[in-house]
file my_file17.tsv (TSV, C-alpha atoms and all ligand atoms)
chain	number	residue	atom	x	y	z
T	1	MET	CA	5.24	8.80	-1.04
T	2	HIS	CA	5.58	7.65	2.56
T	3	PHE	CA	6.29	9.95	5.47
T	4	PRO	CA	10.07	10.02	5.29
T	5	SER	CA	12.82	9.44	7.81
T	6	VAL	CA	16.25	11.00	7.97
T	7	SER	CA	19.30	8.80	8.12
T	8	VAL	CA	22.32	10.24	9.95
T	9	HIS	CA	25.87	9.09	9.39
T	10	TYR	CA	28.84	10.30	11.35
T	11	LEU	CA	32.53	9.50	11.32
T	12	ALA	CA	33.93	11.46	14.25
T	13	MET	CA	33.12	8.78	16.83
T	14	PHE	CA	34.26	5.82	14.73
T	15	PHE	CA	36.31	4.13	17.44
T	16	ILE	CA	34.42	4.99	20.59
T	17	LEU	CA	32.40	1.79	20.95
T	18	VAL	CA	35.49	-0.43	20.55
T	19	ILE	CA	37.45	1.76	22.93
T	20	GLN	CA	34.68	1.30	25.52
T	21	VAL	CA	35.05	-2.51	25.22
T	22	LEU	CA	38.86	-2.30	25.46
T	23	ARG	CA	38.48	-0.21	28.61
T	24	ASP	CA	36.24	-2.92	30.10
T	25	PHE	CA	38.92	-5.53	29.27
T	26	PRO	CA	42.31	-3.79	29.86
T	27	SER	CA	44.24	-7.08	29.56
T	28	VAL	CA	43.58	-7.03	25.79
T	29	ASN	CA	46.69	-5.43	24.37
T	30	MET	CA	45.86	-4.83	20.73
T	31	PRO	CA	48.21	-3.12	18.25
T	32	PHE	CA	46.58	-0.08	16.69
T	33	GLU	CA	46.86	-1.49	13.11
T	34	TRP	CA	44.83	-4.56	14.13
T	35	LEU	CA	42.24	-2.33	15.68
T	36	VAL	CA	41.80	-0.36	12.47
T	37	GLN	CA	41.31	-3.57	10.49
T	38	LEU	CA	38.83	-5.04	12.97
T	39	VAL	CA	36.53	-2.08	13.46
T	40	PRO	CA	33.49	-2.32	11.18
T	41	PRO	CA	32.17	0.84	9.53
T	42	LEU	CA	29.49	2.56	11.60
T	43	LYS	CA	25.91	1.96	10.55
T	44	THR	CA	23.67	4.89	9.77
T	45	ARG	CA	20.86	5.79	12.20
T	46	ALA	CA	17.32	6.58	11.08
T	47	PHE	CA	15.17	9.32	12.65
T	48	SER	CA	11.54	10.04	11.92
T	49	ILE	CA	10.92	13.55	10.64
T	50	SER	CA	8.93	15.34	13.32
T	51	SER	CA	7.86	18.45	11.43
T	52	SER	CA	5.52	19.23	8.57
T	53	LEU	CA	6.97	20.62	5.35
T	54	SER	CA	3.97	22.95	5.06
T	55	ALA	CA	4.60	24.38	8.55
T	56	HIS	CA	8.41	24.60	8.16
T	57	PRO	CA	9.21	24.67	4.43
T	58	LYS	CA	12.96	25.07	4.90
T	59	GLN	CA	13.49	22.95	8.00
T	60	VAL	CA	13.52	19.32	9.07
T	61	HIS	CA	12.90	18.73	12.79
T	62	LEU	CA	14.04	15.58	14.60
T	63	THR	CA	13.00	14.33	18.04
T	64	VAL	CA	15.89	12.36	19.51
T	65	SER	CA	16.20	10.78	22.97
T	66	VAL	CA	19.69	10.16	24.31
T	67	VAL	CA	19.69	6.36	24.63
T	68	THR	CA	21.21	5.08	27.89
T	69	TRP	CA	21.80	1.64	29.40
T	70	THR	CA	23.91	-0.15	32.03
T	71	THR	CA	26.42	-2.79	30.98
T	72	PRO	CA	26.70	-6.16	32.77
T	73	PHE	CA	29.73	-4.54	34.51
T	74	LYS	CA	27.31	-1.90	35.89
T	75	ARG	CA	28.75	0.90	33.81
T	76	LYS	CA	26.46	3.60	32.51
T	77	ARG	CA	26.58	3.83	28.72
T	78	SER	CA	24.86	6.05	26.24
T	79	GLY	CA	24.05	5.61	22.55
T	80	LEU	CA	26.67	6.73	20.08
T	81	CYS	CA	24.68	8.79	17.60
T	82	SER	CA	22.05	10.18	19.99
T	83	THR	CA	24.77	11.36	22.43
T	84	TRP	CA	26.80	12.87	19.60
T	85	LEU	CA	23.78	14.75	18.27
T	86	SER	CA	22.91	16.02	21.76
T	87	LYS	CA	26.39	17.48	22.15
T	88	LEU	CA	26.43	19.44	18.89
T	89	ASP	CA	26.69	23.16	19.51
T	90	PRO	CA	23.96	24.98	17.55
T	91	GLU	CA	26.15	28.09	17.55
T	92	LEU	CA	28.84	26.28	15.56
T	93	CYS	CA	28.26	25.45	11.91
T	94	ILE	CA	28.73	21.67	12.00
T	95	PHE	CA	28.32	19.55	8.89
T	96	VAL	CA	26.05	16.55	9.59
T	97	PRO	CA	25.68	14.26	6.56
T	98	VAL	CA	22.08	13.08	6.22
T	99	TRP	CA	20.04	11.13	3.70
T	100	PHE	CA	16.29	11.15	3.21
T	101	ILE	CA	14.83	7.67	3.01
T	102	LYS	CA	11.28	6.48	2.49
T	103	GLY	CA	9.62	5.79	5.85
T	104	SER	CA	6.90	3.25	6.57
T	105	LEU	CA	4.16	5.77	7.49
T	106	PRO	CA	2.24	7.10	4.47
T	107	PRO	CA	1.04	10.71	4.89
T	108	PRO	CA	-2.72	10.54	5.60
T	109	PRO	CA	-5.15	12.54	3.44
T	110	PRO	CA	-7.04	15.26	5.40
T	111	SER	CA	-10.34	13.35	5.12
T	112	LEU	CA	-8.99	10.22	6.87
T	113	PRO	CA	-9.83	9.92	10.61
T	114	LEU	CA	-6.72	8.92	12.56
T	115	ILE	CA	-5.92	6.94	15.69
T	116	LEU	CA	-2.26	7.59	16.57
T	117	VAL	CA	-0.26	5.66	19.17
T	118	GLY	CA	3.21	7.07	19.86
T	119	PRO	CA	4.82	6.74	23.30
T	120	GLY	CA	8.22	8.38	23.87
T	121	THR	CA	10.05	9.37	20.71
T	122	GLY	CA	7.25	7.56	18.86
T	123	CYS	CA	5.46	10.93	18.97
T	124	ALA	CA	7.96	12.25	16.38
T	125	PRO	CA	6.07	11.49	13.15
T	126	PHE	CA	2.76	12.49	14.74
T	127	ARG	CA	3.99	15.97	15.59
T	128	GLY	CA	4.41	16.36	11.82
T	129	PHE	CA	0.93	14.90	11.17
T	130	VAL	CA	-0.73	17.30	13.63
T	131	GLU	CA	1.15	20.34	12.25
T	132	GLU	CA	0.07	19.35	8.74
T	133	ARG	CA	-3.59	18.89	9.76
T	134	ALA	CA	-3.58	22.24	11.59
T	135	ILE	CA	-2.49	23.97	8.37
T	136	GLN	CA	-5.01	22.02	6.27
T	137	SER	CA	-7.81	22.92	8.71
T	138	ALA	CA	-7.49	26.61	7.75
T	139	THR	CA	-8.74	25.91	4.22
T	140	GLN	CA	-10.70	22.62	4.30
T	141	GLU	CA	-12.65	20.14	6.42
T	142	ILE	CA	-10.38	17.76	8.30
T	143	ALA	CA	-11.22	14.40	9.88
T	144	PRO	CA	-10.78	13.82	13.65
T	145	VAL	CA	-7.42	12.81	15.13
T	146	VAL	CA	-7.01	10.92	18.42
T	147	PHE	CA	-3.47	10.66	19.79
T	148	PHE	CA	-2.39	8.28	22.58
T	149	PHE	CA	0.94	9.47	23.96
T	150	GLY	CA	2.99	7.95	26.78
T	151	CYS	CA	6.13	8.81	28.70
T	152	ARG	CA	7.85	7.96	31.98
T	153	ASN	CA	7.06	11.05	34.06
T	154	GLU	CA	4.92	14.12	33.61
T	155	GLU	CA	7.76	16.30	34.89
T	156	ASN	CA	10.76	14.90	32.97
T	157	ASP	CA	10.01	13.58	29.50
T	158	TYR	CA	6.59	14.90	28.49
T	159	LEU	CA	7.81	15.81	24.98
T	160	TYR	CA	6.10	18.80	23.27
T	161	ARG	CA	3.59	19.13	26.14
T	162	ASP	CA	2.49	22.68	25.17
T	163	PHE	CA	2.20	21.74	21.50
T	164	TRP	CA	-0.18	18.81	22.15
T	165	LEU	CA	-2.20	20.68	24.77
T	166	SER	CA	-2.69	23.70	22.53
T	167	HIS	CA	-3.98	21.49	19.68
T	168	ALA	CA	-6.25	19.64	22.15
T	169	GLN	CA	-8.03	22.87	23.08
T	170	ASP	CA	-11.44	23.77	21.69
T	171	GLY	CA	-11.47	23.70	17.91
T	172	GLY	CA	-7.92	22.28	17.68
T	173	VAL	CA	-6.89	19.27	15.57
T	174	LEU	CA	-6.83	17.03	18.68
T	175	SER	CA	-9.84	18.56	20.43
T	176	GLU	CA	-12.77	16.46	21.58
T	177	THR	CA	-15.12	19.11	20.15
T	178	LYS	CA	-13.73	18.17	16.72
T	179	GLY	CA	-14.20	14.45	17.47
T	180	GLY	CA	-10.52	13.96	18.34
T	181	GLY	CA	-8.62	13.55	21.59
T	182	PHE	CA	-5.23	13.63	23.28
T	183	TYR	CA	-4.62	11.11	26.06
T	184	VAL	CA	-1.35	10.62	27.97
T	185	ALA	CA	-0.09	7.63	29.98
T	186	PHE	CA	2.63	8.46	32.54
T	187	SER	CA	4.17	5.06	33.17
T	188	ARG	CA	6.24	5.84	36.27
T	189	ASP	CA	4.20	8.47	38.14
T	190	GLN	CA	2.44	5.82	40.28
T	191	PRO	CA	3.33	2.38	41.67
T	192	GLN	CA	1.53	0.51	38.84
T	193	LYS	CA	2.65	1.04	35.22
T	194	VAL	CA	0.20	2.96	33.08
T	195	TYR	CA	0.78	2.56	29.34
T	196	VAL	CA	-0.87	3.80	26.15
T	197	GLN	CA	-2.79	0.50	26.10
T	198	HIS	CA	-4.59	1.52	29.33
T	199	LYS	CA	-5.65	4.81	27.73
T	200	ILE	CA	-6.86	3.02	24.56
T	201	ARG	CA	-9.00	0.76	26.77
T	202	GLU	CA	-10.33	3.77	28.75
T	203	HIS	CA	-11.48	5.37	25.48
T	204	SER	CA	-12.60	2.18	23.79
T	205	GLU	CA	-15.98	3.60	22.79
T	206	ARG	CA	-14.42	6.55	20.97
T	207	VAL	CA	-11.79	4.27	19.35
T	208	TRP	CA	-14.48	1.91	18.03
T	209	LYS	CA	-16.61	4.82	16.79
T	210	LEU	CA	-13.67	6.21	14.79
T	211	LEU	CA	-12.75	2.78	13.43
T	212	SER	CA	-16.38	2.26	12.37
T	213	GLU	CA	-16.15	5.58	10.52
T	214	GLY	CA	-13.12	4.34	8.56
T	215	ALA	CA	-10.20	5.55	10.71
T	216	ALA	CA	-6.61	4.41	10.10
T	217	ILE	CA	-4.31	3.35	12.94
T	218	TYR	CA	-0.67	4.51	13.08
T	219	VAL	CA	1.72	3.13	15.74
T	220	ALA	CA	5.29	4.40	16.30
T	221	GLY	CA	7.87	4.08	19.06
T	222	SER	CA	11.03	2.67	20.49
T	223	SER	CA	9.72	-0.11	22.66
T	224	THR	CA	10.15	-3.62	21.30
T	225	LYS	CA	6.92	-4.94	22.86
T	226	MET	CA	4.73	-1.85	22.52
T	227	PRO	CA	3.49	-2.43	18.92
T	228	SER	CA	2.31	-5.98	19.63
T	229	ASP	CA	0.76	-4.93	22.95
T	230	ALA	CA	-1.07	-2.09	21.19
T	231	LEU	CA	-2.33	-4.47	18.48
T	232	SER	CA	-3.64	-6.88	21.07
T	233	THR	CA	-5.39	-3.99	22.89
T	234	PHE	CA	-7.10	-2.93	19.65
T	235	GLU	CA	-8.28	-6.56	19.21
T	236	GLU	CA	-9.68	-6.49	22.75
T	237	VAL	CA	-11.41	-3.11	22.24
T	238	ILE	CA	-12.97	-4.10	18.90
T	239	SER	CA	-14.22	-7.37	20.33
T	240	LYS	CA	-15.70	-5.65	23.41
T	241	GLU	CA	-17.35	-2.74	21.59
T	242	SER	CA	-18.67	-4.70	18.61
T	243	GLY	CA	-19.75	-7.71	20.65
T	244	ALA	CA	-17.92	-9.98	18.19
T	245	PRO	CA	-15.61	-12.80	19.33
T	246	ARG	CA	-11.87	-12.06	19.62
T	247	GLU	CA	-11.06	-14.08	16.44
T	248	ALA	CA	-13.41	-11.84	14.46
T	249	ALA	CA	-11.62	-8.76	15.85
T	250	VAL	CA	-8.26	-10.26	14.79
T	251	ARG	CA	-9.62	-10.78	11.26
T	252	TRP	CA	-11.07	-7.25	11.26
T	253	LEU	CA	-7.63	-5.75	12.06
T	254	ARG	CA	-5.93	-7.95	9.46
T	255	ALA	CA	-8.35	-6.61	6.87
T	256	LEU	CA	-7.58	-3.06	8.06
T	257	GLU	CA	-3.87	-3.72	7.53
T	258	LYS	CA	-4.50	-5.22	4.07
T	259	ALA	CA	-6.50	-2.11	3.20
T	260	GLY	CA	-3.38	-0.02	4.00
T	261	LYS	CA	-4.90	1.46	7.16
T	262	TYR	CA	-2.74	-0.08	9.94
T	263	HIS	CA	0.84	1.20	9.97
T	264	VAL	CA	3.72	0.57	12.36
T	265	GLU	CA	7.15	2.23	12.55
T	266	ALA	CA	9.04	0.77	15.50
T	267	TRP	CA	12.65	0.67	16.64
T	268	SER	CA	14.49	-0.49	19.75
B	301	LIG	C1	12.66	3.94	11.10
B	301	LIG	C2	13.31	4.42	12.37
B	301	LIG	C3	12.92	5.64	12.90
B	301	LIG	C4	13.52	6.09	14.08
B	301	LIG	N1	13.12	7.28	14.60
B	301	LIG	C5	13.67	7.73	15.75
B	301	LIG	C6	13.27	8.98	16.31
B	301	LIG	O1	12.43	9.70	15.75
B	301	LIG	N2	13.84	9.39	17.47
B	301	LIG	C7	14.80	8.62	18.12
B	301	LIG	O2	15.29	9.05	19.18
B	301	LIG	N3	15.21	7.44	17.60
B	301	LIG	C8	14.69	6.99	16.44
B	301	LIG	N4	15.11	5.80	15.91
B	301	LIG	C9	16.21	5.08	16.61
B	301	LIG	C10	17.58	5.64	16.13
B	301	LIG	O3	17.79	5.27	14.78
B	301	LIG	C11	18.76	5.07	16.94
B	301	LIG	O4	18.66	3.67	16.96
B	301	LIG	C12	18.78	5.60	18.37
B	301	LIG	O5	18.94	7.00	18.37
B	301	LIG	C13	19.97	4.99	19.13
B	301	LIG	O6	21.14	5.22	18.42
B	301	LIG	P1	22.51	5.46	19.17
B	301	LIG	O7	23.60	5.50	18.15
B	301	LIG	O8	22.41	6.64	20.10
B	301	LIG	O9	22.64	4.18	20.09
B	301	LIG	P2	23.54	2.90	19.82
B	301	LIG	O10	24.93	3.19	20.20
B	301	LIG	O11	23.28	2.38	18.45
B	301	LIG	O12	22.86	1.93	20.89
B	301	LIG	C14	21.48	1.56	20.70
B	301	LIG	C15	21.09	0.37	21.56
B	301	LIG	O13	21.93	-0.71	21.34
B	301	LIG	C16	22.19	-1.34	22.56
B	301	LIG	N5	23.60	-1.35	22.76
B	301	LIG	C17	24.48	-0.74	21.95
B	301	LIG	N6	25.70	-0.96	22.37
B	301	LIG	C18	25.58	-1.73	23.47
B	301	LIG	C19	26.50	-2.30	24.36
B	301	LIG	N7	27.80	-2.13	24.21
B	301	LIG	N8	26.04	-3.05	25.38
B	301	LIG	C20	24.73	-3.25	25.56
B	301	LIG	N9	23.81	-2.71	24.75
B	301	LIG	C21	24.24	-1.98	23.71
B	301	LIG	C22	21.52	-0.63	23.68
B	301	LIG	O14	20.39	-1.39	24.05
B	301	LIG	C23	21.11	0.66	23.06
B	301	LIG	O15	19.80	0.99	23.49
B	301	LIG	C24	14.53	5.32	14.73
B	301	LIG	C25	14.92	4.10	14.18
B	301	LIG	C26	14.32	3.65	13.02
B	301	LIG	C27	14.77	2.33	12.45
B	302	LIG	N1	16.76	8.71	31.52
B	302	LIG	C1	15.58	9.17	31.13
B	302	LIG	O1	14.87	9.85	31.85
B	302	LIG	C2	15.13	8.84	29.77
B	302	LIG	C3	13.89	9.29	29.38
B	302	LIG	C4	13.43	8.99	28.11
B	302	LIG	C5	14.25	8.25	27.28
B	302	LIG	N2	15.46	7.81	27.66
B	302	LIG	C6	16.31	6.99	26.73
B	302	LIG	O2	15.86	7.11	25.40
B	302	LIG	C7	15.44	5.83	24.88
B	302	LIG	C8	14.26	6.00	23.98
B	302	LIG	O3	13.28	6.73	24.71
B	302	LIG	P1	11.77	6.86	24.34
B	302	LIG	O4	11.27	8.09	25.03
B	302	LIG	O5	11.54	6.71	22.90
B	302	LIG	O6	11.12	5.55	24.99
B	302	LIG	P2	10.95	5.12	26.50
B	302	LIG	O7	11.06	6.25	27.46
B	302	LIG	O8	11.83	3.94	26.71
B	302	LIG	O9	9.43	4.59	26.48
B	302	LIG	C9	8.35	5.51	26.30
B	302	LIG	C10	7.19	5.08	27.16
B	302	LIG	O10	6.72	3.80	26.71
B	302	LIG	C11	6.57	2.96	27.84
B	302	LIG	N3	6.59	1.54	27.48
B	302	LIG	C12	7.54	0.61	27.72
B	302	LIG	N4	7.13	-0.61	27.29
B	302	LIG	C13	5.87	-0.43	26.80
B	302	LIG	C14	4.91	-1.32	26.24
B	302	LIG	N5	5.13	-2.62	26.08
B	302	LIG	N6	3.74	-0.80	25.84
B	302	LIG	C15	3.46	0.52	25.97
B	302	LIG	N7	4.33	1.40	26.51
B	302	LIG	C16	5.52	0.93	26.91
B	302	LIG	C17	7.68	3.39	28.76
B	302	LIG	O11	7.40	2.95	30.06
B	302	LIG	P3	8.48	2.33	31.08
B	302	LIG	O12	9.85	2.61	30.52
B	302	LIG	O13	8.22	3.04	32.37
B	302	LIG	O14	8.18	0.87	31.16
B	302	LIG	C18	7.59	4.91	28.62
B	302	LIG	O15	6.59	5.43	29.42
B	302	LIG	C19	15.14	5.00	26.13
B	302	LIG	O16	15.24	3.63	25.89
B	302	LIG	C20	16.20	5.53	27.09
B	302	LIG	O17	17.43	4.87	26.84
B	302	LIG	C21	15.92	8.10	28.90
call {"tool": "encode", "arguments": {"input": "my_file17.tsv", "output": "structure tokens"}}
result
Amino acid sequence: MHFPSVSVHYLAMFFILVIQVLRDFPSVNMPFEWLVQLVPPLKTRAFSISSSLSAHPKQVHLTVSVVTWTTPFKRKRSGLCSTWLSKLDPELCIFVPVWFIKGSLPPPPPSLPLILVGPGTGCAPFRGFVEERAIQSATQEIAPVVFFFGCRNEENDYLYRDFWLSHAQDGGVLSETKGGGFYVAFSRDQPQKVYVQHKIREHSERVWKLLSEGAAIYVAGSSTKMPSDALSTFEEVISKESGAPREAAVRWLRALEKAGKYHVEAWS
């Protein structure tokens, strides 16, 4: 079984997107019946499950960012489903239809060393992984976990800061004393962008050591370019640390993927 995602469907905001377009173009005078025929059904939205079933047997946690963008007409817009979810009142009992679908990240066995790369909401599945490992560590030996996280600013969108930091302390799942690590890239806290790739390069020795010991790589996140940039950084790191040419590093990572030890779950 792969680490699952939740798919959310909602009907209440069926017309909102079309209404936004009609507002941008007020000269379009469309009869309501035409509108109903034209509007396609809303697609469902997938969300990675960000909790471990062992830690929260009767709950499913999601980590959702409210998506925002500016239209060519310079209007601020926000994503339909993420905005709707953010406005739900937890005090009210609201029915949200959800489905569980198979995700693309298989749950790792406790003995498998892990290199996790999850900027932004990409941290969602890895919060579940770390919770699961923390529970497993009470009764058995667990392999090291290194997590590369990234966000825009330390002050504004450092998701689950206390959670990661507590697991990175001595003896924790992400602690260096246990062979793991937790490294954060704040992309907008200085004039030059700093991304997870920079942190992977900074810790190239540790990354190569874990890979040599049989680690699997998991990459998740919302940026379109991030997964390919991360892959190319791993190629660079493997080539540098092993002393092999870049082509050999590319083949090495292909073999890792074939062996079911390089996983990506990305969305944009
Ligand atoms: C496997 C998987 C796992 C995922 N896990 C997570 C997760 O854990 N957390 C999370 O937050 N998200 C996750 N997502 C993304 C999530 O499914 C949604 O895509 C996201 O929440 C945005 O949905 P929305 O309805 O709010 O935005 P939408 O309304 O669908 O808009 C999304 C994007 O479409 C573009 N867009 C839409 N309309 C316009 C327009 N009129 N003009 C210009 N651009 C437009 C914008 O670029 C915008 O960013 C995941 C996706 C997948 C496939
Ligand atoms: N308004 C806000 O403060 C805010 C904050 C978070 C999210 N959001 C909304 O929520 C959506 C999803 O958010 P998210 O948190 O999952 O993602 P995100 O904030 O868009 O990205 C997460 C981190 O990844 C960085 N990044 C961008 N391209 C990268 C690349 N090629 N390689 C490595 N890292 C890269 C981003 O840096 P840069 O973006 O600096 O390049 C950021 O630091 C966003 O697109 C946005 O619409 C808004």
call {"tool": "atom_distance", "arguments": {"input": "my_file17.tsv", "atom1": "atom O11 of ligand LIG 301 (chain B)", "atom2": "CA of Thr68 (chain T)"}}
result
10.0 Å
call {"tool": "axis_aligned_box", "arguments": {"input": "my_file17.tsv", "around": "ligand LIG 302 (chain B)", "padding_each_side": "3 Å", "output": "lines of an AutoDock Vina configuration file"}}
result
center_x = 10.4
center_y = 3.6
center_z = 27.6
size_x = 20.0
size_y = 18.5
size_z = 15.5
call {"tool": "residues_near_ligand", "arguments": {"input": "my_file17.tsv", "ligand": "ligand LIG 301 (chain B)", "cutoff": "7 Å", "atoms": "all atoms listed in the file", "output": "PyMOL selection string"}}
result
chain T and resi 5+17+45-49+62-69+71+78-83+103+121-122+124+222+265-268
call {"tool": "residues_near_ligand", "arguments": {"input": "my_file17.tsv", "ligand": "ligand LIG 302 (chain B)", "cutoff": "10 Å", "atoms": "all atoms listed in the file", "output": "PyMOL selection string"}}
result
chain T and resi 63-70+77-79+82+117-124+149-154+156-159+184-189+192-198+220-230+266-268
call {"tool": "residues_around", "arguments": {"input": "my_file17.tsv", "residues": "region 237-246 of chain T", "least_positions_apart": "5", "cutoff": "10 Å", "atoms": "only C-alpha atoms", "output": "list in words"}}
result
Ile200, Arg201, Glu202, His203, Ser204, Glu205, Arg206, Val207, Trp208, Lys209, Leu211, Ser212, Leu231, Ser232, Arg251, Trp252 and Leu253 of chain T
call {"tool": "atom_distance", "arguments": {"input": "my_file17.tsv", "atom1": "CA of Leu114 (chain T)", "atom2": "CA of Lys199 (chain T)"}}
result
15.8 Å
call {"tool": "atom_distance", "arguments": {"input": "my_file17.tsv", "atom1": "CA of Ile135 (chain T)", "atom2": "CA of Phe100 (chain T)"}}
result
23.3 Å
call {"tool": "closest_residue", "arguments": {"input": "my_file17.tsv", "among": "T:Val146, T:Asp162, T:Asp24, T:Ser50", "to": "Thr177 (chain T)", "atoms": "only C-alpha atoms"}}
result
T:Val146
call {"tool": "closest_residue", "arguments": {"input": "my_file17.tsv", "among": "T:Val173, T:Val98, T:Leu92, T:Ala143", "to": "Arg127 (chain T)", "atoms": "only C-alpha atoms"}}
result
T:Val173
call {"tool": "closest_residue", "arguments": {"input": "my_file17.tsv", "among": "T:Leu174, T:Pro144, T:Lys58, T:Tyr218", "to": "Glu257 (chain T)", "atoms": "only C-alpha atoms"}}
result
T:Tyr218
call {"tool": "residues_around", "arguments": {"input": "my_file17.tsv", "residues": "Val39 (chain T)", "least_positions_apart": "2", "cutoff": "10 Å", "atoms": "only C-alpha atoms", "output": "ChimeraX atom specification"}}
result
/T:14-15,17-18,34-37,41-42
